[in-house]
file protein30.tsv (TSV, C-alpha atoms and all ligand atoms)
chain	number	residue	atom	x	y	z
A	1272	MET	CA	18.96	11.94	-28.11
A	1273	ALA	CA	15.65	10.17	-27.60
A	1274	LYS	CA	12.17	11.36	-26.77
A	1275	TYR	CA	11.15	9.94	-23.40
A	1276	LYS	CA	7.59	9.41	-22.25
A	1277	LEU	CA	7.39	10.55	-18.65
A	1278	GLU	CA	4.19	9.43	-16.93
A	1279	TYR	CA	3.60	11.89	-14.07
A	1280	LEU	CA	1.60	10.18	-11.33
A	1281	TRP	CA	-0.20	11.84	-8.42
A	1282	LEU	CA	-3.05	11.39	-5.94
A	1283	ASP	CA	-6.22	13.40	-6.47
A	1284	GLY	CA	-8.46	15.12	-3.91
A	1285	TYR	CA	-11.26	12.55	-3.66
A	1286	GLU	CA	-12.43	11.51	-0.18
A	1287	PRO	CA	-12.19	9.20	1.65
A	1288	VAL	CA	-9.87	7.54	-0.87
A	1289	ALA	CA	-7.67	9.36	-3.33
A	1290	ASN	CA	-7.54	8.09	-6.92
A	1291	LEU	CA	-4.40	7.81	-8.97
A	1292	ARG	CA	-4.13	10.29	-11.85
A	1293	SER	CA	-1.47	10.48	-14.52
A	1294	LYS	CA	-0.51	12.19	-17.74
A	1295	THR	CA	2.41	11.93	-20.11
A	1296	LEU	CA	5.11	14.52	-20.73
A	1297	VAL	CA	7.30	13.93	-23.79
A	1298	LYS	CA	10.81	15.28	-23.33
A	1299	GLU	CA	14.13	14.74	-25.04
A	1300	PHE	CA	17.15	13.41	-23.12
A	1301	ALA	CA	20.54	12.05	-24.21
A	1302	GLU	CA	20.02	9.01	-21.98
A	1303	PHE	CA	17.57	7.76	-19.37
A	1304	PRO	CA	17.15	10.81	-17.11
A	1305	SER	CA	17.80	11.08	-13.38
A	1306	LEU	CA	15.16	12.39	-10.98
A	1307	GLU	CA	16.99	15.73	-10.76
A	1308	GLU	CA	16.51	16.25	-14.52
A	1309	ILE	CA	12.73	15.80	-14.40
A	1310	PRO	CA	11.00	19.20	-14.40
A	1311	LEU	CA	8.13	20.41	-12.25
A	1312	TRP	CA	4.82	20.24	-14.10
A	1313	GLY	CA	1.23	21.27	-13.48
A	1314	PHE	CA	-2.38	20.17	-13.88
A	1315	ASP	CA	-5.93	21.44	-13.63
A	1316	GLY	CA	-6.83	20.94	-9.98
A	1317	SER	CA	-10.46	21.87	-10.61
A	1318	SER	CA	-10.91	18.52	-12.39
A	1319	THR	CA	-9.44	16.48	-9.54
A	1320	ARG	CA	-11.13	18.11	-6.51
A	1321	GLN	CA	-7.92	19.93	-5.67
A	1322	ALA	CA	-8.77	23.52	-6.69
A	1323	GLU	CA	-11.51	25.96	-7.68
A	1324	GLY	CA	-11.97	26.62	-11.40
A	1325	SER	CA	-11.06	30.27	-10.95
A	1326	ASN	CA	-7.62	29.42	-9.55
A	1327	SER	CA	-7.00	25.93	-10.76
A	1328	ASP	CA	-3.25	25.42	-11.14
A	1329	CYS	CA	-1.61	22.75	-9.01
A	1330	ILE	CA	2.08	21.88	-9.22
A	1331	LEU	CA	3.52	18.39	-9.72
A	1332	LYS	CA	6.81	17.94	-7.92
A	1333	PRO	CA	8.68	14.77	-9.01
A	1334	VAL	CA	9.84	12.75	-5.99
A	1335	ALA	CA	10.67	9.29	-7.37
A	1336	LEU	CA	11.44	7.85	-10.80
A	1337	TYR	CA	10.82	4.31	-12.13
A	1338	PRO	CA	11.67	2.83	-15.55
A	1339	ASP	CA	8.53	1.69	-17.41
A	1340	SER	CA	9.31	-1.46	-19.42
A	1341	THR	CA	5.85	-1.57	-20.99
A	1342	ARG	CA	6.48	1.44	-23.23
A	1343	ARG	CA	9.54	2.36	-25.31
A	1344	ASP	CA	11.79	5.01	-23.68
A	1345	ALA	CA	9.46	5.57	-20.79
A	1346	ALA	CA	9.40	6.24	-17.07
A	1347	ILE	CA	6.90	6.72	-14.27
A	1348	VAL	CA	7.39	9.88	-12.24
A	1349	MET	CA	5.81	9.75	-8.77
A	1350	CYS	CA	4.85	13.30	-7.75
A	1351	GLU	CA	3.76	15.29	-4.74
A	1352	VAL	CA	1.04	17.87	-5.36
A	1353	MET	CA	2.12	21.40	-4.38
A	1354	LEU	CA	0.34	24.74	-4.22
A	1355	PRO	CA	1.56	27.50	-6.55
A	1356	ASP	CA	3.33	29.14	-3.57
A	1357	GLY	CA	5.46	26.00	-3.14
A	1358	GLU	CA	3.74	24.69	0.00
A	1359	PRO	CA	2.38	21.12	0.01
A	1360	HIS	CA	-1.26	20.88	-1.12
A	1361	PRO	CA	-3.63	19.87	1.74
A	1362	THR	CA	-4.18	16.52	-0.07
A	1363	ASN	CA	-0.43	15.82	-0.10
A	1364	SER	CA	-0.20	13.05	2.50
A	1365	ARG	CA	3.37	12.16	1.54
A	1366	ALA	CA	4.58	15.55	2.75
A	1367	THR	CA	3.40	14.71	6.29
A	1368	ILE	CA	5.78	11.74	6.70
A	1369	ILE	CA	8.64	12.28	9.16
A	1370	ASP	CA	11.94	11.94	7.31
A	1371	ASP	CA	13.78	8.92	8.73
A	1372	PRO	CA	16.19	6.85	6.63
A	1373	GLY	CA	16.23	4.27	9.46
A	1374	ALA	CA	12.47	3.66	9.20
A	1375	TRP	CA	11.68	0.50	7.21
A	1376	PHE	CA	8.21	-0.54	6.05
A	1377	GLY	CA	6.84	-3.71	4.51
A	1378	PHE	CA	3.27	-3.49	3.16
A	1379	GLU	CA	1.21	-6.58	2.31
A	1380	GLN	CA	-1.32	-5.34	-0.24
A	1381	GLU	CA	-4.38	-7.54	-0.65
A	1382	TYR	CA	-6.92	-6.96	-3.41
A	1383	PHE	CA	-9.60	-8.64	-5.51
A	1384	LEU	CA	-9.65	-8.94	-9.28
A	1385	TYR	CA	-13.17	-8.26	-10.55
A	1386	GLN	CA	-14.94	-8.83	-13.82
A	1387	GLY	CA	-18.56	-8.04	-14.58
A	1388	GLY	CA	-19.12	-6.87	-11.00
A	1389	VAL	CA	-17.98	-10.09	-9.28
A	1390	PRO	CA	-14.60	-11.51	-8.26
A	1391	LEU	CA	-12.81	-13.47	-10.98
A	1392	GLY	CA	-14.06	-17.04	-10.79
A	1393	PHE	CA	-17.44	-16.27	-9.25
A	1394	PRO	CA	-20.31	-17.72	-11.32
A	1395	GLU	CA	-21.78	-15.31	-13.85
A	1396	GLY	CA	-25.32	-14.29	-13.03
A	1397	GLY	CA	-25.07	-14.74	-9.27
A	1398	GLY	CA	-24.33	-17.38	-6.70
A	1399	PHE	CA	-21.07	-18.40	-5.11
A	1400	PRO	CA	-18.17	-20.71	-5.89
A	1401	GLN	CA	-16.93	-23.34	-3.40
A	1402	PRO	CA	-16.49	-21.90	0.12
A	1403	GLN	CA	-13.07	-20.62	1.19
A	1404	GLY	CA	-10.50	-23.24	1.97
A	1405	LYS	CA	-8.42	-24.22	-1.03
A	1406	TYR	CA	-7.95	-20.81	-2.65
A	1407	TYR	CA	-5.15	-19.51	-0.39
A	1408	THR	CA	-1.86	-20.30	-2.16
A	1409	GLY	CA	-3.88	-22.71	-4.30
A	1410	VAL	CA	-3.12	-24.18	-7.69
A	1411	GLY	CA	-5.34	-25.42	-10.50
A	1412	TYR	CA	-8.14	-23.96	-12.59
A	1413	GLU	CA	-10.77	-24.72	-9.95
A	1414	SER	CA	-8.88	-22.65	-7.36
A	1415	VAL	CA	-7.39	-19.76	-9.31
A	1416	GLY	CA	-9.11	-19.80	-12.70
A	1417	ASP	CA	-7.30	-18.96	-15.92
A	1418	ILE	CA	-6.28	-15.33	-16.42
A	1419	ALA	CA	-5.61	-14.33	-12.80
A	1420	ARG	CA	-2.18	-15.91	-12.61
A	1421	GLU	CA	-1.25	-14.42	-15.98
A	1422	ILE	CA	-2.16	-10.98	-14.62
A	1423	VAL	CA	-0.36	-11.25	-11.29
A	1424	ASP	CA	2.76	-12.69	-12.94
A	1425	ALA	CA	2.83	-9.97	-15.60
A	1426	HIS	CA	2.34	-7.37	-12.87
A	1427	LEU	CA	5.24	-8.77	-10.87
A	1428	ASP	CA	7.56	-8.59	-13.88
A	1429	ILE	CA	6.57	-5.01	-14.71
A	1430	CYS	CA	7.13	-3.98	-11.09
A	1431	LEU	CA	10.52	-5.69	-10.88
A	1432	ASP	CA	11.53	-3.98	-14.15
A	1433	ALA	CA	10.57	-0.68	-12.51
A	1434	GLY	CA	12.86	-1.38	-9.56
A	1435	ILE	CA	9.97	-1.90	-7.15
A	1436	ASN	CA	11.10	-4.08	-4.28
A	1437	HIS	CA	8.47	-6.82	-4.28
A	1438	GLU	CA	9.26	-9.51	-1.74
A	1439	GLY	CA	6.58	-11.91	-2.87
A	1440	ILE	CA	3.08	-12.55	-4.19
A	1441	ASN	CA	0.42	-15.11	-3.31
A	1442	ALA	CA	-3.16	-16.17	-3.98
A	1443	GLU	CA	-5.28	-15.22	-0.97
A	1444	VAL	CA	-8.06	-16.80	1.08
A	1445	ALA	CA	-11.06	-15.69	-1.00
A	1446	LYS	CA	-11.58	-16.64	-4.62
A	1447	GLY	CA	-10.24	-13.91	-6.90
A	1448	GLN	CA	-8.17	-12.40	-4.06
A	1449	TRP	CA	-4.41	-11.87	-4.29
A	1450	GLU	CA	-1.56	-10.21	-2.40
A	1451	PHE	CA	1.78	-8.62	-3.10
A	1452	GLN	CA	4.37	-7.56	-0.52
A	1453	ILE	CA	6.65	-4.56	-0.92
A	1454	PHE	CA	9.51	-3.71	1.42
A	1455	GLY	CA	11.54	-0.51	1.52
A	1456	LYS	CA	14.13	1.25	3.66
A	1457	GLY	CA	13.47	4.92	4.37
A	1458	SER	CA	10.18	6.35	5.62
A	1459	ARG	CA	8.65	6.94	2.14
A	1460	THR	CA	10.25	4.29	-0.09
A	1461	ALA	CA	7.80	1.41	0.35
A	1462	ALA	CA	4.77	3.75	0.35
A	1463	ASP	CA	5.86	5.30	-2.97
A	1464	GLN	CA	6.32	1.84	-4.42
A	1465	VAL	CA	2.90	0.61	-3.25
A	1466	TRP	CA	1.24	3.51	-5.07
A	1467	VAL	CA	3.23	2.84	-8.24
A	1468	ALA	CA	2.50	-0.90	-8.02
A	1469	ARG	CA	-1.22	-0.12	-7.65
A	1470	TYR	CA	-1.03	2.10	-10.72
A	1471	LEU	CA	0.76	-0.57	-12.76
A	1472	LEU	CA	-1.81	-3.20	-11.75
A	1473	LEU	CA	-4.75	-0.99	-12.69
A	1474	ARG	CA	-3.17	-0.15	-16.04
A	1475	LEU	CA	-2.30	-3.77	-16.81
A	1476	CYS	CA	-5.84	-4.93	-15.99
A	1477	GLU	CA	-7.32	-2.54	-18.57
A	1478	GLU	CA	-6.21	-4.99	-21.27
A	1479	TYR	CA	-8.09	-7.85	-19.62
A	1480	GLN	CA	-11.28	-5.87	-18.95
A	1481	VAL	CA	-10.63	-6.64	-15.32
A	1482	ASP	CA	-11.04	-4.18	-12.45
A	1483	VAL	CA	-9.02	-4.14	-9.26
A	1484	ASN	CA	-11.32	-3.92	-6.26
A	1485	TRP	CA	-9.37	-2.41	-3.36
A	1486	HIS	CA	-12.32	-2.29	-0.97
A	1487	CYS	CA	-11.61	-3.92	2.39
A	1488	LYS	CA	-14.78	-6.04	2.43
A	1489	PRO	CA	-16.14	-6.19	-1.11
A	1490	LEU	CA	-18.28	-9.28	-0.44
A	1491	GLY	CA	-19.83	-7.81	2.70
A	1492	GLU	CA	-20.98	-10.10	5.48
A	1493	GLY	CA	-20.74	-13.82	4.97
A	1494	ASP	CA	-17.81	-16.14	5.13
A	1495	TRP	CA	-15.50	-14.35	2.74
A	1496	ASN	CA	-12.25	-12.69	3.83
A	1497	GLY	CA	-11.75	-8.98	3.52
A	1498	SER	CA	-8.61	-7.30	2.22
A	1499	GLY	CA	-5.99	-5.76	4.43
A	1500	MET	CA	-2.68	-4.06	4.03
A	1501	HIS	CA	-0.70	-5.35	7.01
A	1502	SER	CA	1.95	-2.76	7.70
A	1503	ASN	CA	5.25	-4.08	9.02
A	1504	PHE	CA	7.54	-1.46	10.48
A	1505	SER	CA	10.82	-0.97	12.30
A	1506	THR	CA	13.19	1.85	13.19
A	1507	ASP	CA	16.88	1.93	14.07
A	1508	HIS	CA	15.94	1.87	17.75
A	1509	LEU	CA	13.50	-1.03	17.40
A	1510	ARG	CA	16.02	-3.09	15.42
A	1511	ASP	CA	19.21	-2.25	17.33
A	1512	VAL	CA	18.12	-1.53	20.91
A	1513	GLY	CA	14.55	-2.63	21.54
A	1514	GLY	CA	13.91	-4.08	25.00
A	1515	LYS	CA	10.76	-4.93	26.97
A	1516	ASP	CA	10.47	-1.52	28.61
A	1517	TYR	CA	10.63	0.40	25.32
A	1518	PHE	CA	8.27	-2.06	23.65
A	1519	GLU	CA	5.64	-1.70	26.38
A	1520	LYS	CA	5.83	2.09	26.25
A	1521	LEU	CA	5.50	1.94	22.47
A	1522	MET	CA	2.43	-0.27	22.69
A	1523	ALA	CA	0.91	2.08	25.30
A	1524	ALA	CA	1.33	4.91	22.77
A	1525	PHE	CA	-0.31	2.82	20.03
A	1526	ASP	CA	-3.18	2.15	22.44
A	1527	LYS	CA	-3.48	5.86	23.32
A	1528	TYR	CA	-3.62	6.90	19.65
A	1529	LYS	CA	-5.78	3.95	18.56
A	1530	ASN	CA	-8.49	6.19	17.08
A	1531	GLU	CA	-6.00	8.39	15.23
A	1532	HIS	CA	-4.54	5.24	13.66
A	1533	ILE	CA	-7.92	3.82	12.65
A	1534	ALA	CA	-8.81	7.19	11.10
A	1535	VAL	CA	-6.10	6.77	8.45
A	1536	TYR	CA	-6.15	2.97	8.10
A	1537	GLY	CA	-8.67	2.97	5.24
A	1538	PRO	CA	-12.45	3.49	4.91
A	1539	ASP	CA	-15.15	1.02	5.99
A	1540	ASN	CA	-12.69	-0.78	8.23
A	1541	HIS	CA	-15.50	-1.56	10.71
A	1542	MET	CA	-16.73	-4.05	8.10
A	1543	ARG	CA	-13.40	-5.87	8.17
A	1544	LEU	CA	-12.12	-5.47	11.74
A	1545	THR	CA	-14.87	-7.56	13.33
A	1546	GLY	CA	-12.83	-9.91	15.51
A	1547	LEU	CA	-13.39	-12.67	12.92
A	1548	HIS	CA	-11.33	-13.74	9.88
A	1549	GLU	CA	-7.95	-13.14	11.55
A	1550	THR	CA	-8.75	-9.60	12.78
A	1551	GLN	CA	-9.20	-7.72	16.04
A	1552	SER	CA	-12.35	-5.58	16.53
A	1553	ILE	CA	-12.04	-2.00	15.34
A	1554	ASP	CA	-12.64	-0.51	18.81
A	1555	LYS	CA	-10.04	-2.64	20.62
A	1556	PHE	CA	-6.26	-2.50	20.69
A	1557	ASN	CA	-4.11	-5.44	21.66
A	1558	TYR	CA	-0.87	-7.13	20.71
A	1559	GLY	CA	0.33	-10.68	20.87
A	1560	LEU	CA	3.06	-13.09	19.91
A	1561	ALA	CA	2.25	-14.69	16.57
A	1562	ASN	CA	-1.39	-13.69	17.19
A	1563	ARG	CA	-3.20	-13.09	13.91
A	1564	GLY	CA	-6.28	-11.98	15.83
A	1565	ALA	CA	-4.36	-9.07	17.41
A	1566	SER	CA	-4.11	-5.44	16.30
A	1567	ILE	CA	-0.33	-5.75	16.36
A	1568	ARG	CA	1.33	-9.10	15.85
A	1569	ILE	CA	4.77	-9.68	17.34
A	1570	PRO	CA	6.74	-11.99	15.04
A	1571	HIS	CA	8.67	-14.80	16.75
A	1572	SER	CA	11.92	-13.20	15.57
A	1573	PHE	CA	11.15	-10.18	17.79
A	1574	MET	CA	11.38	-12.36	20.91
A	1575	THR	CA	14.65	-14.13	20.07
A	1576	ASP	CA	16.71	-14.13	23.31
A	1577	ASN	CA	13.84	-12.15	24.85
A	1578	ALA	CA	15.33	-9.06	23.18
A	1579	TYR	CA	12.09	-7.38	22.02
A	1580	ARG	CA	14.01	-6.30	18.95
A	1581	GLY	CA	13.13	-6.21	15.27
A	1582	TYR	CA	9.93	-5.34	13.40
A	1583	LEU	CA	6.25	-5.34	14.31
A	1584	GLU	CA	3.17	-5.98	12.19
A	1585	ASP	CA	0.20	-3.62	12.45
A	1586	ARG	CA	-2.63	-5.75	11.03
A	1587	ARG	CA	-5.32	-3.05	11.07
A	1588	PRO	CA	-4.58	-0.99	7.91
A	1589	ASN	CA	-6.84	-2.05	5.06
A	1590	SER	CA	-6.35	-2.58	1.37
A	1591	GLN	CA	-7.75	0.84	0.46
A	1592	GLY	CA	-5.59	2.74	2.95
A	1593	ASP	CA	-3.12	5.37	1.79
A	1594	PRO	CA	0.34	3.98	2.65
A	1595	TYR	CA	1.58	7.58	3.01
A	1596	LYS	CA	-0.97	8.31	5.74
A	1597	ILE	CA	-0.29	4.95	7.39
A	1598	ALA	CA	3.50	5.42	7.46
A	1599	SER	CA	3.03	9.00	8.62
A	1600	ARG	CA	0.80	8.02	11.57
A	1601	ILE	CA	2.99	5.10	12.66
A	1602	LEU	CA	6.11	7.29	12.73
A	1603	GLN	CA	4.22	10.07	14.52
A	1604	THR	CA	3.19	7.67	17.30
A	1605	ILE	CA	6.70	6.19	17.53
A	1606	ALA	CA	8.08	9.73	17.87
A	1607	THR	CA	6.07	10.28	21.08
A	1608	VAL	CA	8.03	7.56	22.89
A	1609	PRO	CA	11.45	8.59	24.24
A	1610	THR	CA	14.30	6.30	23.23
A	1611	LYS	CA	16.55	6.98	26.24
A	1701	LIG	P1	2.77	-12.66	6.87
A	1701	LIG	O1	1.78	-12.89	5.76
A	1701	LIG	O2	3.06	-13.86	7.71
A	1701	LIG	O3	2.42	-11.48	7.73
A	1701	LIG	P2	4.64	-11.66	4.84
A	1701	LIG	O4	5.88	-12.39	4.45
A	1701	LIG	O5	3.53	-11.59	3.86
A	1701	LIG	O6	4.19	-12.32	6.24
A	1701	LIG	O7	5.00	-10.18	5.27
A	1701	LIG	C1	6.03	-9.87	6.18
A	1701	LIG	C2	6.51	-8.49	5.86
A	1701	LIG	O8	7.43	-8.00	6.85
A	1701	LIG	C3	7.22	-8.37	4.54
A	1701	LIG	O9	6.55	-7.41	3.76
A	1701	LIG	C4	8.62	-7.89	4.93
A	1701	LIG	O10	9.13	-7.02	3.98
A	1701	LIG	C5	8.37	-7.17	6.23
A	1701	LIG	N1	9.58	-7.00	7.05
A	1701	LIG	C6	10.52	-7.94	7.33
A	1701	LIG	N2	11.50	-7.43	8.09
A	1701	LIG	C7	11.18	-6.12	8.34
A	1701	LIG	C8	11.80	-5.05	9.07
A	1701	LIG	N3	12.94	-5.21	9.76
A	1701	LIG	N4	11.17	-3.84	9.09
A	1701	LIG	C9	10.00	-3.67	8.44
A	1701	LIG	N5	9.39	-4.64	7.75
A	1701	LIG	C10	9.95	-5.86	7.68
A	1702	MN	MN	1.36	-11.85	3.91
A	1703	MN	MN	-2.43	-11.85	3.36
A	1704	MN	MN	0.79	-10.20	7.44
call {"tool": "encode", "arguments": {"input": "protein30.tsv", "output": "structure tokens"}}
result
Amino acid sequence: MAKYKLEYLWLDGYEPVANLRSKTLVKEFAEFPSLEEIPLWGFDGSSTRQAEGSNSDCILKPVALYPDSTRRDAAIVMCEVMLPDGEPHPTNSRATIIDDPGAWFGFEQEYFLYQGGVPLGFPEGGGFPQPQGKYYTGVGYESVGDIAREIVDAHLDICLDAGINHEGINAEVAKGQWEFQIFGKGSRTAADQVWVARYLLLRLCEEYQVDVNWHCKPLGEGDWNGSGMHSNFSTDHLRDVGGKDYFEKLMAAFDKYKNEHIAVYGPDNHMRLTGLHETQSIDKFNYGLANRGASIRIPHSFMTDNAYRGYLEDRRPNSQGDPYKIASRILQTIATVPTK
């Protein structure tokens, strides 16, 4: 028998962006437990904007389990927040996702590493480094500084140890800006993993006295890129059947529900979706082949043999968006389009 440290992770009730919360349960198991062996737990919802003090109990329902290689005999337990009567809490965005094992998502999470209130590598006491140009996928101290690569590499290893399906990482266009990509099959898999990867990055950065800035336009106006979370998606029908007619009907539905999509694609997105810096304006919807200025980009692979088959990239979600809400909305819009 060994005592395992189970780090229960959940999203709190803050608006417009939920924060990650976690606490440790110590429990004895003969070997590394399975998800089914992890018990329900609870927390004080009055401290997380999820309940009144007079009736404060919220329930943590384990939904995914990840080994945690940074602590001995430890795991991270992703949870949904439930009401005492067993119904999903109103803040439980994961519970709104249509169950579809054939839905696949790939999220490209961009973010800035900050220290002392400025991105890593910005001069202390104000001013700016060299303009954007050589930072994207750059190498050398002048481009990426010293500790950033150590952080992103350590983060990648911890995530891979946890079984998170990273597909890649890269230095981004602005100084101090980075990206990781996570792909998953099943309507909730990648979204769960993005939240756990965010948690692991925040926790790792504590050691470096570095903050992760998830805001979509932390440097405001000026010639500095914002941060997105491009959301790549496909379904059985899109991958196996596709076709021009279905595709055009699907895009008409995305156009019709444009505002509903923007509403869950992350706060302050008007600052980022300006029509500049590889974005479409927030009030417009369009799509285009290989067009990085479109709302939805059609990858070249989608047009092979003119089949209109494969995955699509919604470029509007931002870095602070909740991947649960994003996946939920995309699948809801797809569900309005008949597949026969
Ligand atoms: P880019 O920066 O050019 O947009 P990336 O390689 O960063 O490209 O991201 C492409 C994303 O598309 C990856 O996250 C990948 O997992 C995802 N993806 C690839 N195939 C599919 C698919 N069939 N369904 C959903 N997502 C996919
Ligand atoms: Mn990318
Ligand atoms: Mn990118
Ligand atoms: Mn992309």
call {"tool": "residues_near_ligand", "arguments": {"input": "protein30.tsv", "ligand": "ligand MN 1703 (chain A)", "cutoff": "9 Å", "atoms": "all atoms listed in the file", "output": "list of chain:residue names"}}
result
A:Glu1379, A:Gln1380, A:Glu1381, A:Tyr1407, A:Asn1441, A:Ala1442, A:Glu1443, A:Val1444, A:Trp1449, A:Glu1450, A:Phe1451, A:Gln1452, A:Ser1498, A:Gly1499, A:Met1500, A:His1501
call {"tool": "residues_near_ligand", "arguments": {"input": "protein30.tsv", "ligand": "ligand LIG 1701 (chain A)", "cutoff": "7 Å", "atoms": "only C-alpha atoms and all ligand atoms", "output": "list in words"}}
result
Trp1375, Phe1376, Gly1377, Phe1378, Glu1379, Glu1438, Gln1452, Ile1453, Phe1454, His1501, Asn1503, Phe1504, Ser1505, Arg1510, Gly1581 and Tyr1582 of chain A
call {"tool": "closest_atom_pairs", "arguments": {"input": "protein30.tsv", "of": "stretch 1382-1467 of chain A", "to": "stretch 1488-1494 of chain A", "cutoff": "10 Å", "atoms": "only C-alpha atoms", "output": "JSON lines"}}
result
{"residue": "A:Tyr1382", "atom": "CA", "partner": "A:Pro1489", "partner_atom": "CA", "distance": 9.5}
{"residue": "A:Phe1383", "atom": "CA", "partner": "A:Pro1489", "partner_atom": "CA", "distance": 8.3}
{"residue": "A:Val1389", "atom": "CA", "partner": "A:Leu1490", "partner_atom": "CA", "distance": 8.9}
{"residue": "A:Pro1390", "atom": "CA", "partner": "A:Leu1490", "partner_atom": "CA", "distance": 8.9}
{"residue": "A:Pro1402", "atom": "CA", "partner": "A:Asp1494", "partner_atom": "CA", "distance": 7.7}
{"residue": "A:Gln1403", "atom": "CA", "partner": "A:Asp1494", "partner_atom": "CA", "distance": 7.6}
{"residue": "A:Ala1445", "atom": "CA", "partner": "A:Asp1494", "partner_atom": "CA", "distance": 9.1}
call {"tool": "residues_around", "arguments": {"input": "protein30.tsv", "residues": "A:Tyr1517", "least_positions_apart": "6", "cutoff": "9 Å", "atoms": "all atoms listed in the file", "output": "list of chain:residue names"}}
result
A:Leu1509, A:Tyr1579, A:Val1608, A:Pro1609, A:Thr1610, A:Lys1611
call {"tool": "residues_around", "arguments": {"input": "protein30.tsv", "residues": "A:Gly1392", "least_positions_apart": "2", "cutoff": "10 Å", "atoms": "all atoms listed in the file", "output": "PyMOL selection string"}}
result
chain A and resi 1384-1386+1389-1390+1394-1395+1399-1400+1412-1419+1446-1447
call {"tool": "closest_residue", "arguments": {"input": "protein30.tsv", "among": "A:Lys1298, A:His1486, A:Arg1563, A:Lys1520", "to": "ligand MN 1702 (chain A)", "atoms": "only C-alpha atoms and all ligand atoms"}}
result
A:Arg1563
call {"tool": "closest_residue", "arguments": {"input": "protein30.tsv", "among": "A:Leu1471, A:His1437, A:Lys1555, A:His1508", "to": "ligand MN 1702 (chain A)", "atoms": "all atoms listed in the file"}}
result
A:His1437
call {"tool": "closest_residue", "arguments": {"input": "protein30.tsv", "among": "A:Gln1480, A:Thr1408, A:Asn1562, A:Thr1319", "to": "ligand MN 1704 (chain A)", "atoms": "all atoms listed in the file"}}
result
A:Asn1562
call {"tool": "closest_residue", "arguments": {"input": "protein30.tsv", "among": "A:Tyr1479, A:Thr1295, A:Asp1339, A:Pro1355", "to": "A:Ser1327", "atoms": "all atoms listed in the file"}}
result
A:Pro1355
call {"tool": "atom_distance", "arguments": {"input": "protein30.tsv", "atom1": "atom CA of A:Pro1538", "atom2": "atom CA of A:Leu1280"}}
result
22.5 Å
call {"tool": "closest_residue", "arguments": {"input": "protein30.tsv", "among": "A:Met1574, A:Ala1561, A:Val1481, A:Val1535", "to": "ligand MN 1704 (chain A)", "atoms": "only C-alpha atoms and all ligand atoms"}}
result
A:Ala1561
call {"tool": "build_atoms", "arguments": {"input": "protein30.tsv", "residues": "stretch 1346-1358 of chain A", "atoms": "N, CA and C atoms", "output": "PDB file, in the frame of the given file"}}
result
ATOM      1  N   ALA A1346       9.211   6.293 -18.520  1.00  0.00           N
ATOM      2  CA  ALA A1346       9.400   6.240 -17.070  1.00  0.00           C
ATOM      3  C   ALA A1346       8.126   6.693 -16.371  1.00  0.00           C
ATOM      4  N   ILE A1347       7.987   6.243 -15.124  1.00  0.00           N
ATOM      5  CA  ILE A1347       6.900   6.720 -14.270  1.00  0.00           C
ATOM      6  C   ILE A1347       7.508   7.675 -13.253  1.00  0.00           C
ATOM      7  N   VAL A1348       6.873   8.831 -13.119  1.00  0.00           N
ATOM      8  CA  VAL A1348       7.390   9.880 -12.240  1.00  0.00           C
ATOM      9  C   VAL A1348       6.385  10.064 -11.100  1.00  0.00           C
ATOM     10  N   MET A1349       6.707   9.531  -9.919  1.00  0.00           N
ATOM     11  CA  MET A1349       5.810   9.750  -8.770  1.00  0.00           C
ATOM     12  C   MET A1349       5.957  11.196  -8.326  1.00  0.00           C
ATOM     13  N   CYS A1350       4.819  11.862  -8.078  1.00  0.00           N
ATOM     14  CA  CYS A1350       4.850  13.300  -7.750  1.00  0.00           C
ATOM     15  C   CYS A1350       4.112  13.592  -6.451  1.00  0.00           C
ATOM     16  N   GLU A1351       4.545  14.655  -5.791  1.00  0.00           N
ATOM     17  CA  GLU A1351       3.760  15.290  -4.740  1.00  0.00           C
ATOM     18  C   GLU A1351       3.027  16.466  -5.356  1.00  0.00           C
ATOM     19  N   VAL A1352       1.807  16.718  -4.883  1.00  0.00           N
ATOM     20  CA  VAL A1352       1.040  17.870  -5.360  1.00  0.00           C
ATOM     21  C   VAL A1352       1.345  19.069  -4.462  1.00  0.00           C
ATOM     22  N   MET A1353       1.743  20.183  -5.109  1.00  0.00           N
ATOM     23  CA  MET A1353       2.120  21.400  -4.380  1.00  0.00           C
ATOM     24  C   MET A1353       1.195  22.545  -4.785  1.00  0.00           C
ATOM     25  N   LEU A1354       1.062  23.506  -3.901  1.00  0.00           N
ATOM     26  CA  LEU A1354       0.340  24.740  -4.220  1.00  0.00           C
ATOM     27  C   LEU A1354       1.271  25.646  -5.025  1.00  0.00           C
ATOM     28  N   PRO A1355       0.707  26.611  -5.753  1.00  0.00           N
ATOM     29  CA  PRO A1355       1.560  27.500  -6.550  1.00  0.00           C
ATOM     30  C   PRO A1355       2.615  28.240  -5.707  1.00  0.00           C
ATOM     31  N   ASP A1356       2.332  28.443  -4.406  1.00  0.00           N
ATOM     32  CA  ASP A1356       3.330  29.140  -3.570  1.00  0.00           C
ATOM     33  C   ASP A1356       4.431  28.203  -3.073  1.00  0.00           C
ATOM     34  N   GLY A1357       4.386  26.924  -3.504  1.00  0.00           N
ATOM     35  CA  GLY A1357       5.460  26.000  -3.140  1.00  0.00           C
ATOM     36  C   GLY A1357       5.190  25.173  -1.898  1.00  0.00           C
ATOM     37  N   GLU A1358       4.092  25.483  -1.181  1.00  0.00           N
ATOM     38  CA  GLU A1358       3.740  24.690   0.000  1.00  0.00           C
ATOM     39  C   GLU A1358       3.021  23.404  -0.446  1.00  0.00           C
TER      40      GLU A1358
END
